[in-house]
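Just below is one structure, and these are the notes that go with it.
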Amino acid sequence: MKKILVTGALGQIGSELTAYLRKLYGADNVVASDIRTLKDSDVVENGIYELVNVENASEIANIVKKYNIDTIIHLAALLSATGEKDPVKAWNVNMGGLFNVLEVAREMNCAVFTPSSIAAFGPNSRKVKTPQDDIQRPTTIYGVTKVSGELLCDYYHRRFGVDTRGVRFPGLISYVTLPGGGTTDYAVHIYYEALKNKRYDCYIAEGTYMDMMYMPDALDAVVQLMEADPSKLKHRNAFNITAMSFAPEHIAAEIKKHIPEFEMNYDVDPVRQAIAESWPDSLDDSAAREEWGWNPKFDLALMTVDMLARLREKLNIK
Ligand code: NAD
Ligand code: SER
């Protein structure tokens with residue numbers, strides 16, 4: 001990666017990945033973009049920033065040409081819960097956007113990273129330690145776009161030689177930017193509420209396991225995979241990766257070790273609960289470990305210590 005374009009750069013991942021890439025590759029070599037702009041945003045203020053709607057191929061092509069881009073990190077998308085509210089928009093942004101990115105990449109010789117998700121699996125997939133290659137029949141529009149996206153990226157690699165790579169991210173937990181409407185968002189909100197109000201009403205039911213990861217590991221995964229020796233990659237789109245698997249009661253218990261007054265209750269949202277139940281309890285990430293050395297650093301205990309410390313500072317809570 002020498003000249004990088006990030007789409008959807010103001011989102012939960014992009015806001016941190018952009019800063020990370022600017023540090024690693026130089027601010028002049030990273031072009032952040034999104035469909036909107038934000039006041040006082042580090043992404044907008046501290047480097048190159050462009051408005052790009054990924055549904056418009058010429059907007060992507062113009063920026064690729066203008067900055068001589070060789071790698072597109074494509075993050076613009078609608079997540080699972082938001083997608084269920086407007087499936088047509090989810091299809092248009094997730095599939096239309098990806099198709100445009102791949103076409104520009106084919107014509108202008110760029111590599112492409114785009115994340116898939118645990119949502120690419122469904123109720124027919126194996127539930128525990130879901131293998132890298134398994135049945136994928138997701139039940140959400142988000143999941144449908146993620147499987148289709150994986151296939152499309154593999155197609156562009158096989159048919160046109162585009163260097164496409166991707167991972168299936170689990171729920172990502174971070175303190176910089178709030179998540180954008182996913183099913184796993186509870187695992188971020190719980191930290192904010194524990195610090196602010198010492199209580200949290202969880203919309204996911206007790207005993208519902210999902211894979212999760214702390215953002216620093218997710219950022220490393222993107223760079224590590226994009227810098228990996230392509231001759232070692234048997235898979236490309238997309239690698240299972242995970243750092244931990246837990247249910248709401250486990251994250252609550254971990255927070256309680258630091259905030260003993262913290263109480264969690266349940267107010268289950270049937271839509272997001274049904275989505276969570278259709279996803280794996282845990283992923284088998286051995287292909288990523290073998291093919292490009294995936295090795296996350298944060299487990300639930302370490303992440304909780306860091307999240308609480310960072311959020312105390314951010315929210316100015318003693
Ligand atoms: P997010 O919702 O936080 O951010 C998405 C960004 O895309 C937003 O800033 C939004 O303004 C932008 N966007 C929406 N429509 C656009 C358009 N037409 N053109 C340009 N930009 C547009 O999402 P995120 O959590 O940062 O996720 C990024 C990617 O990672 C997505 O593909 C998502 O499916 C995937 N992913 C995320 C998670 C997670 O837990 N955050 C887990 C698995 C996979
Ligand atoms: N965090 C994402 C979601 O819940 C997983 O892709 O939608």
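Every chain in the structure tokens takes a letter, A first, then B, and so on in the order presented; its residues are numbered from 1, and the ligands are numbered from 1 following the presented order.
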May I have the residues within 8 Å of ligand 1, computed using only C-alpha atoms and all ligand atoms, as number ranges by chain? A: 7-15, 33-36, 51-56, 74-80, 93-94, 97, 114-119, 142, 146, 168-173, 177-182, 184-185, 212
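Every residue of stretch 198-249 of chain A found in strand (DSSP E or B) when DSSP is run on the backbone appears here: Arg199, Tyr200, Asp201, Cys202, Met210, Asp211, Met212, Met213, Tyr214, Phe239, Asn240, Met244, Ser245 and Phe246 of chain A.
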What would the file look like if the residues just selected were written as a PDB file, in the first residue's frame with C-alpha atoms?
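Wrote it out as selection_3.pdb, contents follow:
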ATOM      1  CA  ARG A 199     -26.744   0.504  34.676  1.00  0.00           C
ATOM      2  CA  TYR A 200     -27.573  -0.836  31.232  1.00  0.00           C
ATOM      3  CA  ASP A 201     -30.692  -2.335  29.627  1.00  0.00           C
ATOM      4  CA  CYS A 202     -29.396  -4.888  27.173  1.00  0.00           C
ATOM      5  CA  MET A 210     -21.330 -13.558  19.431  1.00  0.00           C
ATOM      6  CA  ASP A 211     -17.728 -13.038  18.371  1.00  0.00           C
ATOM      7  CA  MET A 212     -16.185  -9.657  19.207  1.00  0.00           C
ATOM      8  CA  MET A 213     -12.888  -7.796  18.790  1.00  0.00           C
ATOM      9  CA  TYR A 214     -11.273  -4.647  20.186  1.00  0.00           C
ATOM     10  CA  PHE A 239     -10.986 -14.647   6.253  1.00  0.00           C
ATOM     11  CA  ASN A 240     -12.737 -15.549   9.518  1.00  0.00           C
ATOM     12  CA  MET A 244     -13.230 -13.350  21.817  1.00  0.00           C
ATOM     13  CA  SER A 245     -16.708 -14.847  22.045  1.00  0.00           C
ATOM     14  CA  PHE A 246     -19.067 -13.869  24.864  1.00  0.00           C
TER      15      PHE A 246
END
Length of the atom CA of A:Phe99 to atom CA of A:Ile4 vector [Å]: 18.3 Å
Find the residues near A:Leu302: any atom within 10 Å, counting only C-alpha atoms, skip ones fewer than 4 places away on the same chain, and give them as a list in words. Tyr214, Glu254, Lys297, Phe298, Asp306 and Met307 of chain A
Dump C-alpha atoms for the selected residues as a PDB file, in the first residue's frame?
ATOM      1  CA  TYR A 214     -11.273  -4.647  20.186  1.00  0.00           C
ATOM      2  CA  GLU A 254     -16.169  -8.160  33.576  1.00  0.00           C
ATOM      3  CA  LYS A 297      -3.749  -9.135  21.428  1.00  0.00           C
ATOM      4  CA  PHE A 298      -6.914  -8.217  23.370  1.00  0.00           C
ATOM      5  CA  ASP A 306      -8.516  -0.261  28.314  1.00  0.00           C
ATOM      6  CA  MET A 307     -12.091   0.686  27.290  1.00  0.00           C
TER       7      MET A 307
END
Excluding stretch 222-227 of chain A and its own-chain neighbours fewer than 4 positions away, which residues fall within 9 Å of it when counting only C-alpha atoms? Please give them as a PyMOL selection string. chain A and resi 1+17+21+73+111-113+115+165-167+217-218+288+292-294
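The closest residue to ligand 2, picked from A:Asp229, A:Val188, A:Ala194, A:Leu311 and counting only C-alpha atoms and all ligand atoms, is A:Val188.
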